[in-house]
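Data file: protein04.json. Format and content: JSON, C-alpha atoms.
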[["chain", "number", "residue", "atom", "x", "y", "z"],
["U", 1, "MET", "CA", 113.91, 103.59, 88.19],
["U", 2, "GLN", "CA", 110.64, 105.53, 88.22],
["U", 3, "ASN", "CA", 107.48, 104.05, 89.67],
["U", 4, "ILE", "CA", 104.88, 105.30, 87.20],
["U", 5, "ASP", "CA", 101.15, 104.70, 87.54],
["U", 6, "LEU", "CA", 99.98, 104.32, 83.95],
["U", 7, "SER", "CA", 96.39, 103.92, 85.13],
["U", 8, "ALA", "CA", 96.43, 107.72, 85.45],
["U", 9, "VAL", "CA", 96.88, 108.03, 81.67],
["U", 10, "SER", "CA", 93.69, 108.57, 79.70],
["U", 11, "LYS", "CA", 93.32, 105.50, 77.49],
["U", 12, "SER", "CA", 93.50, 105.91, 73.74],
["U", 13, "SER", "CA", 91.95, 103.88, 70.95],
["U", 14, "LEU", "CA", 93.78, 101.85, 68.35],
["U", 15, "LYS", "CA", 91.60, 103.68, 65.84],
["U", 16, "THR", "CA", 93.36, 106.88, 66.89],
["U", 17, "MET", "CA", 96.70, 105.29, 66.04],
["U", 18, "PHE", "CA", 95.46, 103.77, 62.76],
["U", 19, "PRO", "CA", 92.66, 106.13, 61.63],
["U", 20, "THR", "CA", 92.61, 104.92, 58.01],
["U", 21, "LEU", "CA", 92.10, 101.23, 58.85],
["U", 22, "GLN", "CA", 88.67, 99.66, 59.18],
["U", 23, "PHE", "CA", 88.40, 97.05, 61.94],
["U", 24, "SER", "CA", 85.88, 96.05, 64.58],
["U", 25, "GLU", "CA", 87.86, 93.45, 66.52],
["U", 26, "ILE", "CA", 91.38, 92.39, 67.43],
["U", 27, "ALA", "CA", 92.82, 89.00, 66.40],
["U", 28, "VAL", "CA", 95.98, 87.61, 67.99],
["U", 29, "PRO", "CA", 98.17, 85.29, 65.88],
["U", 30, "ASP", "CA", 100.44, 83.04, 67.94],
["U", 31, "MET", "CA", 104.02, 83.60, 66.76],
["U", 32, "SER", "CA", 105.68, 82.05, 69.78],
["U", 33, "VAL", "CA", 108.29, 79.31, 69.53],
["U", 34, "SER", "CA", 105.59, 76.71, 70.16],
["U", 35, "GLY", "CA", 103.06, 78.29, 67.79],
["U", 36, "ASN", "CA", 104.84, 77.45, 64.50],
["U", 37, "PHE", "CA", 103.00, 80.30, 62.77],
["U", 38, "PHE", "CA", 105.55, 80.67, 59.96],
["U", 39, "GLY", "CA", 106.15, 76.96, 59.45],
["U", 40, "ASP", "CA", 109.76, 75.94, 58.95],
["U", 41, "ASP", "CA", 110.87, 79.55, 58.29],
["U", 42, "VAL", "CA", 111.56, 79.95, 61.99],
["U", 43, "GLN", "CA", 113.83, 82.98, 61.58],
["U", 44, "HIS", "CA", 111.39, 84.95, 59.43],
["U", 45, "GLU", "CA", 113.73, 85.38, 56.47],
["U", 46, "ASP", "CA", 111.45, 84.29, 53.61],
["U", 47, "LEU", "CA", 109.19, 87.32, 53.63],
["U", 48, "GLU", "CA", 107.05, 86.20, 50.71],
["U", 49, "ARG", "CA", 106.11, 83.01, 52.54],
["U", 50, "ALA", "CA", 105.65, 84.90, 55.80],
["U", 51, "THR", "CA", 103.28, 87.31, 54.05],
["U", 52, "LEU", "CA", 101.24, 84.38, 52.74],
["U", 53, "HIS", "CA", 100.89, 83.01, 56.28],
["U", 54, "LEU", "CA", 99.78, 86.41, 57.58],
["U", 55, "ASN", "CA", 97.33, 86.96, 54.74],
["U", 56, "SER", "CA", 95.83, 83.52, 55.33],
["U", 57, "PHE", "CA", 95.32, 84.35, 59.00],
["U", 58, "GLN", "CA", 93.83, 87.74, 58.15],
["U", 59, "LEU", "CA", 91.31, 86.07, 55.82],
["U", 60, "LYS", "CA", 90.02, 84.12, 58.82],
["U", 61, "PHE", "CA", 89.42, 87.42, 60.63],
["U", 62, "PRO", "CA", 88.57, 89.91, 57.86],
["U", 63, "LYS", "CA", 87.26, 92.57, 60.26],
["U", 64, "ALA", "CA", 90.20, 92.34, 62.65],
["U", 65, "LEU", "CA", 93.36, 94.25, 63.38],
["U", 66, "LEU", "CA", 96.17, 91.75, 63.97],
["U", 67, "ALA", "CA", 98.07, 92.46, 67.20],
["U", 68, "ASN", "CA", 100.38, 90.20, 69.20],
["U", 69, "GLY", "CA", 103.67, 89.52, 70.85],
["U", 70, "TYR", "CA", 104.03, 91.02, 74.34],
["U", 71, "LEU", "CA", 106.40, 88.73, 76.34],
["U", 72, "GLU", "CA", 106.21, 86.14, 73.56],
["U", 73, "GLU", "CA", 109.32, 83.96, 73.12],
["U", 74, "ARG", "CA", 110.10, 84.01, 69.40],
["U", 75, "SER", "CA", 112.44, 81.99, 67.24],
["U", 76, "PHE", "CA", 112.86, 85.04, 64.94],
["U", 77, "TYR", "CA", 115.69, 86.17, 67.18],
["U", 78, "ASN", "CA", 117.57, 82.89, 67.58],
["U", 79, "THR", "CA", 120.44, 84.18, 65.45],
["U", 80, "HIS", "CA", 124.01, 85.27, 66.13],
["U", 81, "ASN", "CA", 122.89, 88.92, 66.27],
["U", 82, "TYR", "CA", 120.87, 88.15, 69.40],
["U", 83, "GLU", "CA", 123.15, 85.50, 70.93],
["U", 84, "ARG", "CA", 125.44, 85.47, 73.94],
["U", 85, "GLU", "CA", 127.22, 82.90, 76.02],
["U", 86, "GLY", "CA", 126.42, 82.79, 79.72],
["U", 87, "PRO", "CA", 127.18, 80.55, 82.67],
["U", 88, "ASN", "CA", 124.35, 78.24, 81.61],
["U", 89, "GLY", "CA", 125.30, 78.14, 77.92],
["U", 90, "THR", "CA", 123.96, 79.95, 74.87],
["U", 91, "GLU", "CA", 121.15, 82.41, 75.46],
["U", 92, "TYR", "CA", 119.16, 84.39, 72.89],
["U", 93, "ARG", "CA", 117.58, 87.81, 73.39],
["U", 94, "ASN", "CA", 114.25, 86.48, 72.14],
["U", 95, "ILE", "CA", 111.51, 87.61, 74.55],
["U", 96, "HIS", "CA", 109.45, 90.29, 72.79],
["U", 97, "LEU", "CA", 108.86, 93.43, 74.87],
["U", 98, "GLY", "CA", 106.27, 95.19, 72.73],
["U", 99, "THR", "CA", 103.14, 94.55, 70.73],
["U", 100, "ASP", "CA", 103.31, 94.09, 66.97],
["U", 101, "PHE", "CA", 100.52, 95.43, 64.79],
["U", 102, "TRP", "CA", 100.61, 93.64, 61.43],
["U", 103, "VAL", "CA", 99.39, 96.32, 59.04],
["U", 104, "PRO", "CA", 100.37, 97.10, 55.43],
["U", 105, "ALA", "CA", 103.36, 99.19, 54.39],
["U", 106, "ALA", "CA", 102.53, 102.90, 53.97],
["U", 107, "THR", "CA", 99.70, 102.71, 56.53],
["U", 108, "PRO", "CA", 99.50, 106.14, 58.19],
["U", 109, "LEU", "CA", 100.52, 106.13, 61.85],
["U", 110, "HIS", "CA", 99.10, 108.74, 64.23],
["U", 111, "ALA", "CA", 100.07, 109.46, 67.84],
["U", 112, "PRO", "CA", 97.90, 107.59, 70.36],
["U", 113, "LEU", "CA", 99.04, 110.12, 73.01],
["U", 114, "GLY", "CA", 100.52, 113.57, 72.78],
["U", 115, "GLY", "CA", 104.28, 113.63, 73.23],
["U", 116, "THR", "CA", 107.66, 115.01, 72.19],
["U", 117, "VAL", "CA", 109.93, 113.08, 69.83],
["U", 118, "VAL", "CA", 113.14, 112.26, 71.73],
["U", 119, "ILE", "CA", 114.52, 109.62, 69.31],
["U", 120, "ALA", "CA", 114.19, 109.73, 65.53],
["U", 121, "HIS", "CA", 116.80, 107.44, 64.03],
["U", 122, "HIS", "CA", 117.29, 104.98, 61.18],
["U", 123, "ASN", "CA", 118.68, 101.77, 62.71],
["U", 124, "ASP", "CA", 119.65, 100.42, 59.32],
["U", 125, "ILE", "CA", 120.80, 96.94, 60.36],
["U", 126, "HIS", "CA", 119.34, 93.61, 59.28],
["U", 127, "LYS", "CA", 116.58, 92.59, 61.73],
["U", 128, "ASP", "CA", 116.77, 95.87, 63.62],
["U", 129, "TYR", "CA", 114.02, 98.52, 63.70],
["U", 130, "GLY", "CA", 114.89, 100.43, 60.57],
["U", 131, "PRO", "CA", 113.42, 103.93, 61.15],
["U", 132, "LEU", "CA", 112.48, 104.37, 64.80],
["U", 133, "LEU", "CA", 110.61, 107.01, 66.81],
["U", 134, "VAL", "CA", 110.39, 107.35, 70.59],
["U", 135, "LEU", "CA", 108.00, 109.87, 72.18],
["U", 136, "GLU", "CA", 108.22, 111.25, 75.71],
["U", 137, "HIS", "CA", 104.98, 111.71, 77.67],
["U", 138, "SER", "CA", 104.24, 113.28, 81.06],
["U", 139, "VAL", "CA", 101.96, 111.91, 83.79],
["U", 140, "ASN", "CA", 101.72, 113.24, 87.36],
["U", 141, "ASP", "CA", 105.16, 114.92, 87.22],
["U", 142, "SER", "CA", 106.76, 111.74, 85.87],
["U", 143, "VAL", "CA", 107.66, 110.78, 82.33],
["U", 144, "PHE", "CA", 107.34, 107.63, 80.27],
["U", 145, "TYR", "CA", 107.98, 106.80, 76.63],
["U", 146, "THR", "CA", 106.35, 105.06, 73.69],
["U", 147, "LEU", "CA", 108.41, 103.45, 70.95],
["U", 148, "TYR", "CA", 107.43, 102.98, 67.29],
["U", 149, "GLY", "CA", 109.64, 100.70, 65.19],
["U", 150, "HIS", "CA", 109.79, 99.54, 61.54],
["U", 151, "LEU", "CA", 108.64, 102.83, 60.03],
["U", 152, "SER", "CA", 109.25, 104.45, 56.67],
["U", 153, "VAL", "CA", 112.32, 106.59, 56.07],
["U", 154, "GLU", "CA", 110.15, 109.62, 55.30],
["U", 155, "THR", "CA", 108.70, 109.35, 58.82],
["U", 156, "LEU", "CA", 111.97, 110.74, 60.18],
["U", 157, "THR", "CA", 111.44, 113.93, 58.16],
["U", 158, "LEU", "CA", 107.83, 114.35, 59.29],
["U", 159, "SER", "CA", 108.63, 113.72, 62.97],
["U", 160, "PRO", "CA", 112.17, 114.93, 63.77],
["U", 161, "LYS", "CA", 113.69, 114.93, 67.23],
["U", 162, "GLY", "CA", 112.27, 117.75, 69.35],
["U", 163, "LYS", "CA", 108.89, 117.99, 67.61],
["U", 164, "TYR", "CA", 105.74, 117.83, 69.73],
["U", 165, "VAL", "CA", 103.02, 115.63, 68.23],
["U", 166, "GLY", "CA", 99.52, 115.94, 69.64],
["U", 167, "LYS", "CA", 97.18, 113.02, 70.24],
["U", 168, "GLY", "CA", 95.71, 111.91, 66.92],
["U", 169, "GLU", "CA", 98.18, 113.90, 64.84],
["U", 170, "PRO", "CA", 100.28, 112.22, 62.10],
["U", 171, "LEU", "CA", 103.53, 110.59, 63.21],
["U", 172, "GLY", "CA", 104.54, 108.84, 59.99],
["U", 173, "TRP", "CA", 103.97, 105.66, 58.02],
["U", 174, "ILE", "CA", 104.66, 101.94, 58.32],
["U", 175, "GLY", "CA", 107.82, 100.97, 56.41],
["U", 176, "ASN", "CA", 108.21, 98.42, 53.65],
["U", 177, "LYS", "CA", 110.55, 95.44, 53.82],
["U", 178, "GLU", "CA", 113.37, 97.29, 52.05],
["U", 179, "GLU", "CA", 113.56, 99.96, 54.77],
["U", 180, "ASN", "CA", 112.08, 98.46, 57.94],
["U", 181, "GLY", "CA", 114.93, 96.11, 58.91],
["U", 182, "HIS", "CA", 113.79, 93.29, 56.56],
["U", 183, "TRP", "CA", 110.47, 92.34, 58.10],
["U", 184, "VAL", "CA", 106.95, 91.81, 56.84],
["U", 185, "PRO", "CA", 105.47, 95.30, 57.33],
["U", 186, "HIS", "CA", 104.25, 95.95, 60.85],
["U", 187, "LEU", "CA", 104.51, 98.38, 63.75],
["U", 188, "HIS", "CA", 106.46, 97.45, 66.87],
["U", 189, "PHE", "CA", 104.88, 99.44, 69.72],
["U", 190, "GLN", "CA", 106.42, 99.47, 73.20],
["U", 191, "ILE", "CA", 106.05, 101.33, 76.50],
["U", 192, "ILE", "CA", 109.25, 102.30, 78.33],
["U", 193, "THR", "CA", 109.55, 103.84, 81.80],
["U", 194, "ASP", "CA", 113.36, 104.21, 81.84],
["U", 195, "LEU", "CA", 115.08, 105.13, 78.58],
["U", 196, "TRP", "CA", 118.58, 104.60, 80.03],
["U", 197, "GLY", "CA", 119.81, 107.73, 78.26],
["U", 198, "GLN", "CA", 119.54, 106.08, 74.84],
["U", 199, "THR", "CA", 119.48, 108.48, 71.87],
["U", 200, "GLU", "CA", 119.27, 106.18, 68.82],
["U", 201, "ASN", "CA", 117.86, 102.77, 69.76],
["U", 202, "PHE", "CA", 116.29, 100.75, 72.57],
["U", 203, "ASN", "CA", 115.93, 97.02, 73.16],
["U", 204, "GLY", "CA", 112.73, 95.50, 71.83],
["U", 205, "THR", "CA", 113.60, 92.03, 73.13],
["U", 206, "ALA", "CA", 115.08, 90.63, 76.34],
["U", 207, "TYR", "CA", 117.22, 87.72, 77.43],
["U", 208, "PRO", "CA", 115.11, 85.25, 79.42],
["U", 209, "SER", "CA", 117.44, 85.53, 82.41],
["U", 210, "GLU", "CA", 116.85, 89.30, 82.54],
["U", 211, "LEU", "CA", 113.10, 89.26, 81.89],
["U", 212, "PRO", "CA", 111.93, 90.42, 85.37],
["U", 213, "TYR", "CA", 113.86, 93.67, 85.00],
["U", 214, "TRP", "CA", 112.81, 94.34, 81.40],
["U", 215, "LYS", "CA", 109.19, 93.53, 82.18],
["U", 216, "SER", "CA", 109.31, 96.10, 84.98],
["U", 217, "ILE", "CA", 110.41, 98.94, 82.66],
["U", 218, "CYS", "CA", 108.45, 97.80, 79.59],
["U", 219, "PRO", "CA", 104.89, 97.16, 80.80],
["U", 220, "ASN", "CA", 102.10, 95.70, 78.70],
["U", 221, "PRO", "CA", 101.19, 98.10, 75.85],
["U", 222, "ASN", "CA", 97.55, 97.15, 76.39],
["U", 223, "LEU", "CA", 97.58, 99.49, 79.42],
["U", 224, "LEU", "CA", 97.30, 102.51, 77.12],
["U", 225, "PHE", "CA", 94.40, 101.36, 74.95],
["U", 226, "ARG", "CA", 90.67, 100.85, 75.40],
["U", 227, "GLU", "CA", 90.68, 97.77, 73.15],
["U", 228, "LYS", "CA", 92.03, 94.54, 74.63],
["U", 229, "PHE", "CA", 94.53, 92.36, 72.78]]
Output the file's structure in the form of structure tokens.
Amino acid sequence: MQNIDLSAVSKSSLKTMFPTLQFSEIAVPDMSVSGNFFGDDVQHEDLERATLHLNSFQLKFPKALLANGYLEERSFYNTHNYEREGPNGTEYRNIHLGTDFWVPAATPLHAPLGGTVVIAHHNDIHKDYGPLLVLEHSVNDSVFYTLYGHLSVETLTLSPKGKYVGKGEPLGWIGNKEENGHWVPHLHFQIITDLWGQTENFNGTAYPSELPYWKSICPNPNLLFREKF
């Protein structure tokens, strides 16, 4: 496993990643198990109701970009797709390893850092990423990766595997609920220091018993941005 010093990376701005959005602050909705953000829809299946909850929160912070979720334990994933039996009983892969940016479908997404697309794949499974991009970046003779999940299908045409995308250049668009894995539209953004040779997908959540390892290879996305969230 590489030991990468991300402090050597020149920090970007969230306005570089979302150049068409107008915001002057960051607001952080609590979607943890204890937060009860979506009421009794704990598995985030009623997207109309979930959208109402998000819109209500956004109205409280009209000038804010909504960003949240790093290392948050979420009930969204307490389903059989994320379940396993271990020596201590049932365990769910429900610790979120990235930051979610809750922005509208079709929002243009631009690269916060220059990098080469190494994964461009439609993970077309319920509650998966839908269209996914992973970019490879270089720093001090080492490499790390940034992951972008829940995109539009047309993103995969704009940013195919092997393409270099410069900082601030278009990557794609945020997907709608019909194509993004059945979620309220948002971007899942994640840093990865060891891609494990994956070519189509990469875990965006971790089992609690394995969290120390996953935290070590998926550091806080805030490290790459000037804004704090």
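Proximity to region 213-219 of chain U at 10 Å, evaluated using all atoms listed in the file and with sequence-adjacent residues fewer than 6 positions away removed, yields Met1, Gln2, Asn3, Ile4, Leu6, Tyr70, Leu71, Ile95, His96, Leu97, Gly98, Phe144, Tyr145, Thr146, Gln190, Ile191, Ile192, Thr193, Asp194, Leu195, Asn203, Gly204, Thr205, Ala206 and Tyr207 of chain U.
As for CA of Val134 (chain U) and CA of Leu151 (chain U), they are spaced 11.6 Å apart.
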Check: Given the choices U:Asn220, U:Asn180, U:Thr107, U:Ser142, which gets closest to Phe18 (chain U) if the distance is worked out from all atoms listed in the file?
Finding: U:Thr107
Note to self: Could you list, as a ChimeraX atom specification, every residue within 10 Å of Phe76 (chain U), counting only C-alpha atoms and ignoring same-chain residues fewer than 2 positions away?
What the structure shows: /U:31-33,38,41-45,73-74,78-79,82,94,127
Adding 6 Å on each side of the box along x, y and z that holds all listed atoms of region 164-171 of chain U, could you give its centre and edge lengths in Å to one decimal, as AutoDock Vina command-line options?
--center_x 100.7 --center_y 114.2 --center_z 66.2 --size_x 22.0 --size_y 19.2 --size_z 20.1
Notebook entry, point to check: Do you know which residues are at most 9 Å from Pro19 (chain U) counting only C-alpha atoms, after dropping those on the same chain fewer than 4 positions away, and could you put them as a PyMOL selection string?
Noted result: chain U and resi 14-15+108-110+168
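Reported to one decimal place, the separation of CA of Asn176 (chain U) from CA of Ile119 (chain U) is 20.3 Å.
In terms of minimum interatomic distance to Glu210 (chain U), U:Tyr92 ranks closest within U:Phe61, U:Trp173, U:Tyr92, U:Phe37, counting all atoms listed in the file.
CA of Pro104 (chain U) to CA of Asn81 (chain U) spans 26.3 Å [interatomic distance, one decimal].
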Checklist line | U:Leu211, U:Pro160, U:Asp128, U:Phe101 ranked by distance to Phe189 (chain U), top pick (using only C-alpha atoms) | finding: U:Phe101
Margin query: I need the residue nearest Leu113 (chain U) from this list: U:Thr20, U:Ser159, U:Ser138, U:Ser12. Use all atoms listed in the file for the distance.
Written below: U:Ser12
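Shortest separation to Val9 (chain U) among U:Ile174, U:Pro112, U:Val165, U:Leu132 occurs at residue U:Pro112, atoms counted being only C-alpha atoms.
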Checklist line | For Glu200 (chain U): contacts at 10 Å, all atoms listed in the file, fewer than 4 positions along chain excluded, given as JSON, numbers by chain | finding: {"U": [118, 119, 120, 121, 122, 123, 131, 132, 133, 134]}
